[in-house]
Amino acid sequence: MRKVLSLISLLTLLLPCLLFSQEYSYTHYDINDGLAGSTVYCITQDKDGFIWLGTETGVSRFDGTHFRTFSTEDGLPDVEILEMFGDSRGRVWMAPFQKTICYYYQGQIHNQTNDSVLRRLRIRNNIYSFAGDSAGNVLAATTTELYLIRPDGTSREIDSVGGRPIHDCGAVSTSADGHFLVQVDKEIYRLSGNDLTPLSAISIWSSWPVYVSMNSTGMIWWEEKAFTAIHSFATGKTVRLHFERGKYEHNTFTSYGDSLFWFNENSGVREYNPQTGRIRRLMPGKPVSRTFRDATGNLWFTTLGQGIYRLNSDEFQTINVSSAKTPSSAIYGIRRLGDQLLAGNDQNQVIFFRLPDLSVLRIHQVSQAIKIRIYDFGMRSDGKIYVPSTRGINIIKKDILKEEGYFHSIKSYFPLGNDKVLIASFWGAGILDLKTFHVEDTLYRDRTTTVYYRRDTVLIGTLNGLYGIAPDRSIHFYGDKVPFLRKRISALTESADGTLWVASYDAGIIGYRNGEVVAALSKPQGLTSNICRVLYFHKNALWVGTDKGLTRIALDRPGYPMHRYTSQDGLGSDLINSVYGDGSVIYVGTSAGLSFFDENRVNVSEGCRLHLLSIQNSDRERLGDSAALVLPYADKHLRLEFAGISYRSVGDITYRYRLIGLDSIWRTTKQTFLEYPTLPSGNYAFQLQASNKFGLKSDELTLRFEVATPWWQTIWFDTLALVTVLSLSWFFVSLRIRRIRRRQREKEKLNQRMMELEHLALQSQMNPHFIFNCLNSIQQYVFDQDVFATNKYLTGFSKLIRATLQYSTRNFIHLSEEVSYLSGYLSLEKLRFKEKMDYTIEVDPALQTGEYLVPPMLIQPYVENSMRHGLRHKTQGKGTIRISFRQDGARLIAVVEDNGIGRKGAAAFKTREHIEYQSKGMSLTADRIRMINARFRERIDVEIVDLEDDAGNPAGTRVVMEFPLFHSISENEPI
């Protein structure tokens with residue numbers, strides 16, 4: 001009893017020492033991230049979605065990934081900016097600490113030096129407020145003047161109302177009907193055109209701008225010394241709240257419609273919703289200067305000296321348990337028991353929360369001796385709560401942790417019913433009796449990481465894979481068939497369809513059913529990491545906790561779509577220790593405390609917008625020329641800067657791009673710029689699309705531009721160059737051809753002349769032989785003293801000599817002349833041989849002998865050869881020479897045939913003189929034929945055939961000569 005009382009006293013003293021804070025998660029940006037300064041006075045958003053921040057050391061434009069800083073070098077009159085406003089035209093108006101005004105538009109800062117409209121304004125005091133109406137007018141306000149700037153470039157200065165000078169103007173805004181609302185001292189006016197019309201009177205303690213905030217539907221101001229007033233223009237209702245300026249160290253008010261109002265203080269932000277009456281604390285301990293809600297609902301907080309913060313989510317909250325020694329504790333075990341939620345941390349503590357408000361009821365310390373982690377909770381059949389931890393399993397009895405249980409470290413457990421649990425420990429796995437705290441059965445003897453029970457089989461996860469133990473104690477190693485199941489197993493669970501889900505420490509998870517892997521999921525498929533620590537099945541969804549966040553897998557939808565949650569979305573930390581679901585509320589044990597959210601209400605996704613920020617070429621900005629961009633050929637370097645805006649993605653944006661005209665393949669990058677050092681001349685289309693971390697894509701951006709073509713690459717230059725080259729080529733080729741042809745003609749003339757001379761020489765050589773033969777015949781007649789025959793022969797011989805001399809100077813003669821010449825020659829030979837020989841000359845009647853041409857004296861040597869060698873030594877019968885001419889297609893056929901003794905018989909009678917003569921005459925004829933064949937395409941062919949009788953004895957010789965049809969060739973044409 002004394003021990004119990006001592007423990008109660010200890011816990012009573014301990015509870016006040018522990019601090020519980022229910023906090024939200026924020027993303028923080030400061031000068032290390034690129035912010036111009038840590039002290040931020042104002043914030044706005046432009047038409048394109050960029051966040052603009054005015055600091056004490058310059059202006060920053062934020063796209064969710066990078067900050068772009070503007071200073072006096074960019075045109076700012078002063079680096080300290082007190083107020084900013086984004087109008088409907090895309091201009092961002094700025095009020096520097098100096099008494100001046102400027103705005104940013106399309107890459108340039110316009111100030112009172114470089115802008116004619118602003119130059120006309122006489123700014124006497126600091127501008128504290130801006131507004132814009134539906135007509136595009138911009139109203140800038142100081143405490144004593146209003147400056148109306150119209151879209152046409154004119155302006156108006158208003159320094160009085162109702163004939164009284166303006167003083168204590170604290171705020172201006174757009175009215176619900178599109179005009180202006182102006183607060184001056186204790187009146188609210190409507191400004192339309194040039195008229196200021198009073199709307200209502202208010203009671204106000206101070207009109208200093210930090211104590212007034214107004215928008216189109218609501219207004220908050222310091223009404224009395226200890227009260228603020230919140231008024232709705234829509235309903236006309238006013239709510240008063242207690243206000244202690246000194247206690248909370250007030251900085252400014254911020255209003256959003258008539259439903260949200262923020263008290264920005266040095267100790268944080270108080271948010272008040274007059275419709276629900278709810279007040280919540282945000283940014284505890286931070287000196288907040290402004291609160292801002294952007295177009296997609298994100299809440300931003302600017303601070304004095306600590307940069308800016310973005311609330312990751314309204315739905316995610318984290319409860320942190322801290323003490324003087326431990327600033328935070330990690331939550332490992334979560335379970336609902338009745339109307340309480342139990343959470344176990346790594347500080348030996350069990351925390352009891354009341355549901356549904358999660359107020360802390362009590363805390364139990366498990367052990368004072370060692371630091372342990374509490375994994376889970378369960379209830380025995382007697383209603384006592386047992387607590388599995390790294391120390392073992394303890395029992396809580398009557399709200400006091402009883403020092404009884406199983407005191408050996410366990411890694412995992414699984415309830416089997418009947419007050420028995422399956423445990424995993426460093427020594428192995430077994431079944432523990434929760435009543436006796438004895439291990440009834442040891443199932444496996446080696447270090448285990450997790451255990452699970454299904455279908456009469458105990459599943460044991462180890463460092464080396466997954467094992468199954470059947471009721472007959474047989475052990476089955478699942479890694480034999482599935483390589484994944486050889487890895488270190490971290491968690492096991494089962495879904496409603498009977499699929500066993502297995503998590504590993506380095507390869508994601510798999511779904512295993514009926515002996516097959518039905519799903520394999522890892523980081524490429526959408527998990528936050530492959531190091532999986534927790535598996536939890538709840539309402540057709542599988543929750544996977546990793547070292548990089550939480551993933552929800554919808555098992556009831558095709559393809560298992562996933563949704564990821566990280567600290568950037570609102571979780572207390574990315575290191576997930578446990579997950580527990582209670583209806584639609586999901587509790588997550590993290591290294592930073594207990595996070596929770598309603599999965600039906602949470603929406604962490606956000607659209608993605610894409611903008612082209614800069615086009616740099618020739619060391620100058622060309623963004624203004626994007627409608628008709630032409631890059632000079634001399635400087636083809638192109639740098640493109642762009643930004644995908646998705647603030648909840650926290651820079652996790654992927655861009656895909658391609659440059660049509662250079663490459664049609666889509667490529668991806670995480671960078672926010674691209675450079676093309678040199679581009680060929682031509683037309684291009686740059687296409688770009690952004691995708692945020694939620695998989696949402698922006699509209700596709702297309703930039704068309706041209707790289708100028710130099711004059712030497714233009715079509716007209718190419719055409720001119722081609723014509724010039726062709727002309728020069730034609731000229732030189734023609735000149736070369738003319739020279740070649742001239743040389744060829746000269747060569748042909750020389751060859752022709754040489755052939756003619758050679759031909760004449762041959763003919764000259766043949767003529768003496770022929771004359772010699774004729775004179776031999778005449779001599780023979782003289783020896784025989786035959787005067788009549790001699791005279792007759794001399795008459796024929798003289799005619800033949802005249803024909804020979806006439807024809808020897810001609811290249812061709814008519815066929816009729818050749819026939820007459822041969823007839824004259826044969827008639828002389830017949831006189832010499834008397835009756836021993838006879839001859840016939842036959843010409844095909846179809847031949848027009850006067851049209852066909854033949855070389856002169858080319859047939860005669862073969863006729864003479866027949867006479868002297870074929871018929872001369874013939875002893876039996878009368879010798880006959882038959883000459884015939886006919887046309888065979890495109891050839892003229894001449895046949896000389898005798899019935900002499902043949903070439904073999906004549907060879908025996910030839911004397912040496914005869915051989916020399918034959919060789920000389922026939923060789924000259926062959927040379928003439930060779931030269932004629934060289935001159936013409938068609939050849940003169942000669943074939944000599946030895947004739948035989950039926951017994952095979954020599955019966956004469958036939959010479960067949962084939963001539964081309966020379967009738968188309970002039971007879972005077974040289975050979």
# chains A, B, ... in the order shown; residues from 1 in each chain; ligands from 1
>>> residues_around(residues="stretch 143-157 of chain A", least_positions_apart="3", cutoff="8 Å", atoms="only C-alpha atoms", output="list in words")
Val117, Leu121, Asn125, Asn126, Ile127, Tyr128, Gly136, Asn137, Val138, Leu139, Ala140, Ser160, Pro165, Ile166, His167, Asp168, Cys169, Gly170 and Trp208 of chain A
>>> select_by_dssp(residues="stretch 633-791 of chain A", states="strand (DSSP E or B)", output="number ranges by chain")
A: 638-645, 654-660, 663-669, 673-676, 682-691, 697, 701-707
>>> closest_residue(among="A:Ile230, A:Leu355, A:Ile123, A:Val458", to="A:Val212", atoms="only C-alpha atoms")
A:Ile230
>>> closest_residue(among="A:Gln98, A:Gln887, A:Thr709, A:Ser820", to="A:Pro845", atoms="only C-alpha atoms")
A:Gln887
>>> select_by_dssp(residues="stretch 858-948 of chain A", states="helix (DSSP H, G or I)", output="JSON, numbers by chain")
{"A": [860, 861, 862, 863, 864, 865, 866, 867, 868, 869, 870, 871, 902, 903, 904, 905, 906, 907, 912, 913, 914, 915, 916, 917, 918, 919, 920, 921, 922, 923, 924, 925, 926, 927, 928, 929, 930, 931, 932, 933, 934, 935]}
